[in-house]
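Source file: my_file.csv. Holds: CSV, C-alpha atoms.
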```
chain,number,residue,atom,x,y,z
A,10,MET,CA,10.2,14.9,-26.4
A,11,ASN,CA,6.9,15.2,-24.5
A,12,VAL,CA,5.3,12.9,-22.0
A,13,ALA,CA,3.2,11.2,-24.7
A,14,ASP,CA,6.4,10.0,-26.4
A,15,HIS,CA,7.6,8.2,-23.3
A,16,PRO,CA,6.7,4.6,-22.3
A,17,ARG,CA,4.0,4.6,-19.7
A,18,ARG,CA,5.5,4.1,-16.2
A,19,VAL,CA,3.2,3.9,-13.2
A,20,LEU,CA,4.4,3.7,-9.6
A,21,HIS,CA,2.1,2.2,-6.9
A,22,VAL,CA,2.9,3.3,-3.4
A,23,ASP,CA,1.5,0.8,-0.8
A,24,LEU,CA,1.2,2.3,2.7
A,25,GLN,CA,-1.1,-0.4,4.1
A,26,PRO,CA,-2.1,-0.5,6.9
A,27,PHE,CA,-1.7,3.3,7.0
A,28,PHE,CA,-3.2,4.0,10.4
A,29,VAL,CA,-1.0,1.4,12.0
A,30,ALA,CA,2.1,2.8,10.2
A,31,VAL,CA,1.4,6.2,11.6
A,32,GLU,CA,1.0,4.9,15.1
A,33,ARG,CA,4.3,3.0,14.8
A,34,ALA,CA,6.0,6.1,13.5
A,35,ARG,CA,4.8,7.9,16.7
A,36,ASP,CA,5.7,5.1,19.0
A,37,GLY,CA,8.7,2.9,18.0
A,38,LEU,CA,7.7,0.3,20.7
A,39,LEU,CA,4.8,-0.7,18.5
A,40,ARG,CA,7.0,-1.9,15.7
A,41,ASP,CA,6.9,-5.7,15.0
A,42,ARG,CA,4.1,-6.3,17.6
A,43,PRO,CA,0.4,-6.7,17.0
A,44,VAL,CA,-1.4,-3.4,16.7
A,45,ILE,CA,-5.2,-2.7,16.4
A,46,VAL,CA,-6.6,0.7,15.7
A,47,GLY,CA,-10.2,1.2,16.7
A,48,GLY,CA,-12.8,2.9,18.8
A,49,GLU,CA,-13.0,2.1,22.5
A,50,GLY,CA,-16.1,0.9,24.3
A,51,PRO,CA,-18.4,-2.1,23.9
A,52,PHE,CA,-19.5,-1.1,20.4
A,53,GLY,CA,-16.1,0.0,19.1
A,54,ARG,CA,-15.0,-1.4,15.7
A,55,VAL,CA,-11.6,-2.2,14.3
A,56,ALA,CA,-10.4,0.5,11.8
A,57,ALA,CA,-7.0,-0.9,11.0
A,58,VAL,CA,-4.9,-3.9,11.9
A,59,SER,CA,-1.3,-4.8,11.6
A,60,ASP,CA,-0.2,-8.0,9.8
A,61,GLU,CA,0.7,-9.6,13.1
A,62,ALA,CA,-2.8,-9.1,14.5
A,63,SER,CA,-4.3,-10.1,11.1
A,64,GLN,CA,-2.6,-13.4,11.4
A,65,ALA,CA,-4.4,-14.0,14.7
A,66,GLY,CA,-7.8,-13.5,12.9
A,67,VAL,CA,-8.4,-9.8,13.6
A,68,ARG,CA,-10.2,-8.0,10.7
A,69,VAL,CA,-11.2,-4.5,9.8
A,70,GLY,CA,-14.8,-3.8,10.9
A,71,GLN,CA,-14.7,-6.5,13.6
A,72,CYS,CA,-16.0,-5.7,17.1
A,73,LEU,CA,-13.1,-4.5,19.2
A,74,VAL,CA,-14.1,-6.9,22.0
A,75,GLU,CA,-13.8,-9.9,19.6
A,76,ALA,CA,-10.5,-8.5,18.3
A,77,ARG,CA,-9.1,-8.3,21.8
A,78,ARG,CA,-10.2,-11.9,22.4
A,79,LEU,CA,-8.5,-13.2,19.3
A,80,CYS,CA,-5.3,-11.2,19.9
A,81,PRO,CA,-5.0,-10.5,23.6
A,82,GLY,CA,-1.4,-9.3,23.3
A,83,ALA,CA,-2.1,-6.6,20.8
A,84,ALA,CA,-1.6,-2.9,21.5
A,85,VAL,CA,-4.9,-1.1,20.9
A,86,CYS,CA,-4.8,2.5,19.8
A,87,PRO,CA,-8.0,4.5,19.8
A,88,GLY,CA,-7.1,6.3,16.6
A,89,ASP,CA,-6.2,9.9,15.9
A,90,PHE,CA,-7.8,10.7,12.5
A,91,GLU,CA,-6.6,14.3,12.5
A,92,SER,CA,-3.0,13.1,12.7
A,93,TYR,CA,-3.7,10.5,10.0
A,94,ALA,CA,-5.0,13.2,7.7
A,95,ARG,CA,-2.0,15.4,8.3
A,96,VAL,CA,0.5,12.6,7.6
A,97,SER,CA,-1.5,11.7,4.5
A,98,THR,CA,-1.2,15.3,3.2
A,99,ASP,CA,2.6,15.1,3.9
A,100,VAL,CA,2.9,11.9,1.9
A,101,THR,CA,1.1,13.6,-1.1
A,102,ALA,CA,3.4,16.6,-0.9
A,103,ILE,CA,6.5,14.3,-1.1
A,104,LEU,CA,5.0,12.5,-4.1
A,105,LEU,CA,4.2,15.7,-5.9
A,106,GLY,CA,7.8,16.7,-5.5
A,107,VAL,CA,8.6,14.1,-8.2
A,108,SER,CA,5.5,14.1,-10.4
A,109,ARG,CA,2.5,16.4,-10.7
A,110,ARG,CA,0.4,13.4,-11.7
A,111,VAL,CA,-0.5,11.8,-8.4
A,112,GLU,CA,-3.7,10.0,-7.5
A,113,ARG,CA,-4.7,9.0,-4.0
A,114,PRO,CA,-7.5,6.5,-4.1
A,115,SER,CA,-7.2,6.1,-0.3
A,116,VAL,CA,-4.9,7.0,2.5
A,117,ASP,CA,-3.4,3.5,2.2
A,118,GLU,CA,-2.1,3.9,-1.4
A,119,ALA,CA,-1.1,6.2,-4.2
A,120,PHE,CA,-0.4,6.1,-7.9
A,121,VAL,CA,2.4,8.2,-9.4
A,122,ASP,CA,2.9,8.7,-13.1
A,123,LEU,CA,6.6,8.6,-13.8
A,124,SER,CA,6.2,8.5,-17.6
A,125,ALA,CA,8.1,11.7,-18.0
A,126,ALA,CA,11.3,10.1,-16.6
A,127,GLU,CA,14.1,10.1,-19.1
A,128,SER,CA,14.6,6.4,-18.9
A,129,LEU,CA,13.6,3.4,-16.9
A,130,ARG,CA,16.7,3.9,-14.7
A,131,HIS,CA,15.6,7.4,-13.9
A,132,ALA,CA,12.1,6.2,-13.0
A,133,VAL,CA,13.6,3.7,-10.6
A,134,LEU,CA,15.9,6.3,-9.0
A,135,ALA,CA,12.8,8.6,-8.5
A,136,ALA,CA,10.9,5.7,-6.9
A,137,GLU,CA,13.9,5.0,-4.6
A,138,SER,CA,14.1,8.7,-3.6
A,139,LEU,CA,10.4,8.7,-2.7
A,140,ARG,CA,10.6,5.6,-0.6
A,141,GLU,CA,13.7,7.0,1.2
A,142,GLN,CA,11.9,10.4,1.9
A,143,ILE,CA,8.8,8.7,3.2
A,144,GLN,CA,10.9,6.7,5.6
A,145,SER,CA,13.3,9.4,6.7
A,146,ARG,CA,10.9,12.3,6.9
A,147,LEU,CA,7.7,10.5,8.1
A,148,ARG,CA,9.1,7.3,9.5
A,149,LEU,CA,6.6,5.3,7.5
A,150,ASP,CA,7.2,1.9,5.9
A,151,SER,CA,6.1,1.7,2.3
A,152,ALA,CA,6.3,-0.8,-0.6
A,153,PHE,CA,6.6,0.3,-4.2
A,154,GLY,CA,5.7,-1.4,-7.5
A,155,LEU,CA,6.7,0.0,-10.9
A,156,GLY,CA,5.1,-1.2,-14.1
A,157,SER,CA,3.4,0.0,-17.2
A,158,SER,CA,-0.2,-0.1,-15.8
A,159,ARG,CA,-2.0,0.6,-12.5
A,160,LEU,CA,-2.8,-3.1,-12.2
A,161,ALA,CA,0.7,-4.3,-12.8
A,162,ALA,CA,2.2,-1.7,-10.4
A,163,ARG,CA,-0.3,-2.5,-7.6
A,164,ILE,CA,0.4,-6.3,-7.9
A,165,ALA,CA,4.2,-5.6,-7.8
A,166,SER,CA,4.0,-3.4,-4.7
A,167,ARG,CA,2.2,-6.3,-2.9
A,168,TRP,CA,5.1,-8.5,-3.6
A,169,ALA,CA,7.5,-5.8,-2.3
A,170,ARG,CA,5.9,-5.5,1.1
A,171,PRO,CA,6.8,-4.3,3.7
A,172,ARG,CA,9.6,-2.0,2.6
A,173,GLY,CA,10.8,-3.1,-0.9
A,174,LEU,CA,10.6,-1.9,-4.5
A,175,LEU,CA,9.7,-4.3,-7.3
A,176,LEU,CA,10.3,-3.3,-10.9
A,177,LEU,CA,8.5,-5.2,-13.6
A,178,LEU,CA,10.6,-5.3,-16.7
A,179,PRO,CA,8.6,-4.7,-19.8
A,180,GLN,CA,9.5,-8.0,-21.4
A,181,HIS,CA,8.4,-10.0,-18.3
A,182,GLU,CA,5.4,-7.9,-17.1
A,183,SER,CA,2.6,-9.7,-19.0
A,184,SER,CA,3.7,-13.1,-17.9
A,185,PHE,CA,4.1,-12.0,-14.3
A,186,VAL,CA,0.6,-10.4,-14.1
A,187,ASN,CA,-1.0,-13.4,-15.9
A,188,ARG,CA,0.3,-15.8,-13.3
A,189,GLN,CA,-1.2,-13.9,-10.4
A,190,SER,CA,-4.4,-15.1,-8.6
A,191,VAL,CA,-7.6,-13.2,-9.4
A,192,ALA,CA,-7.6,-12.4,-5.7
A,193,ALA,CA,-4.9,-9.8,-6.6
A,194,LEU,CA,-7.6,-7.8,-8.3
A,195,ASP,CA,-8.4,-5.6,-5.3
A,196,ASP,CA,-11.0,-3.4,-7.2
A,197,VAL,CA,-13.2,-6.4,-8.1
A,198,PRO,CA,-16.1,-6.9,-5.7
A,199,ALA,CA,-16.1,-10.1,-3.6
A,200,PRO,CA,-19.2,-11.5,-5.4
A,201,ALA,CA,-17.6,-11.1,-8.8
A,202,LEU,CA,-14.4,-12.8,-7.5
A,203,ALA,CA,-16.5,-15.7,-6.2
A,204,ALA,CA,-18.2,-15.9,-9.6
A,205,LEU,CA,-14.9,-16.1,-11.4
A,206,GLN,CA,-13.7,-18.8,-9.1
A,207,ARG,CA,-16.9,-20.8,-9.6
A,208,ALA,CA,-16.3,-20.6,-13.3
A,209,GLY,CA,-12.8,-22.1,-12.8
A,210,ILE,CA,-10.9,-18.8,-13.4
A,211,ARG,CA,-8.1,-18.8,-11.0
A,212,THR,CA,-5.5,-16.4,-12.5
A,213,CYS,CA,-5.4,-13.0,-14.1
A,214,GLY,CA,-4.3,-14.6,-17.3
```
Please lay out the structure from this file as structure tokens.
Amino acid sequence: MNVADHPRRVLHVDLQPFFVAVERARDGLLRDRPVIVGGEGPFGRVAAVSDEASQAGVRVGQCLVEARRLCPGAAVCPGDFESYARVSTDVTAILLGVSRRVERPSVDEAFVDLSAAESLRHAVLAAESLREQIQSRLRLDSAFGLGSSRLAARIASRWARPRGLLLLLPQHESSFVNRQSVAALDDVPAPALAALQRAGIRTCG
């Protein structure tokens, strides 16, 4: 049986925020505390922010001076983009060990085609193996979502944050996706989302 004969199974690997995850892997003292990655100096900008700092109002692209004011207790890392690139390459290598069909839209995420898995159980075992390897070899937290489409898998991984795996069973996937807010559609530009909400469209369904 070839891949085309198998049900489509897409795994979404959520590594957000990747720069913060790499910094925490290098320094365990940063775990569970606010972290801001960004350029130093009066004109520096925020390149990545942990959930803890985000809750204080810090946003990507924000002036670093303003970010420090909003979250004075945050650890500020200047960023090491060469290291981030190396770790991203290592993540891709791990994923390619399970499937040759891997797409990396950004350093923060990946899609892995697991349609060639013999069964749904085998696909889940492959996903669990990837998550364990990323954690043990790279010390990175990752959340995984497994579904029949990129959209479903991405939404599932969001619910699995920060270190979980959410499997969408085929018989429940459509109803699950339909209930999600349109804000879950990360690829839709902000003006389009605003237009949908003005039209009274609140959910993916």
Identify, on the basis of all atoms listed in the file, every residue whose closest approach to Glu182 in chain A does not exceed 8 Å; exclude the query and any residue fewer than 4 positions from it along the same chain; express the result as a tab-separated table (two decimals) with C-alpha atoms, in the coordinates of the input.
```tsv
chain	number	residue	atom	x	y	z
A	156	GLY	CA	5.10	-1.20	-14.10
A	161	ALA	CA	0.70	-4.30	-12.80
A	177	LEU	CA	8.50	-5.20	-13.60
A	178	LEU	CA	10.60	-5.30	-16.70
A	186	VAL	CA	0.60	-10.40	-14.10
```
Next item on the list: With a distance cut-off of 12 Å and only C-alpha atoms, select the neighbouring residues of Asp195 in chain A, excluding the residue or stretch itself and same-chain residues fewer than 3 positions from it, and output the selection as a ChimeraX atom specification.
Entry: /A:159-161,163-164,167,190-192,198-199,201-202,213
Next item on the list: Quick one: everything within 9 Å of Leu155 in chain A, counting only C-alpha atoms, minus sequence neighbours fewer than 3 positions away in the same chain. Send it as a list in words.
Entry: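 Surrounding residues, per the criterion: Arg18, Val19, Leu20, His21, Ala132, Val133, Ala136, Ser158, Arg159, Ala161, Ala162, Arg163, Ala165, Ser166, Leu174, Leu175, Leu176, Leu177 and Leu178 of chain A.
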Notebook entry, point to check: At what distance in Å, to one decimal, does CA of Ala62 in chain A lie from CA of Leu39 in chain A?
Noted result: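 Between CA of Leu39 in chain A and CA of Ala62 in chain A the gap is 12.0 Å.
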Note to self: Nearest residue to Trp168 in chain A out of A:Ala152, A:Ala30, A:Val111, A:Val58, using all atoms listed in the file?
What the structure shows: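 Closest to Trp168 in chain A, using all atoms listed in the file: A:Ala152.
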Margin query: I'd like to know which of A:Ala83, A:Val69, A:Val31, A:Ser63 is closest to Val96 in chain A, using only C-alpha atoms.
Written below: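 Between A:Ala83, A:Val69, A:Val31, A:Ser63, the residue approaching Val96 in chain A most closely is A:Val31.
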Check: What separation in Å, quoted to one decimal, exists between CA of Gly48 in chain A and CA of Arg172 in chain A?
Finding: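 It comes out at 28.1 Å.
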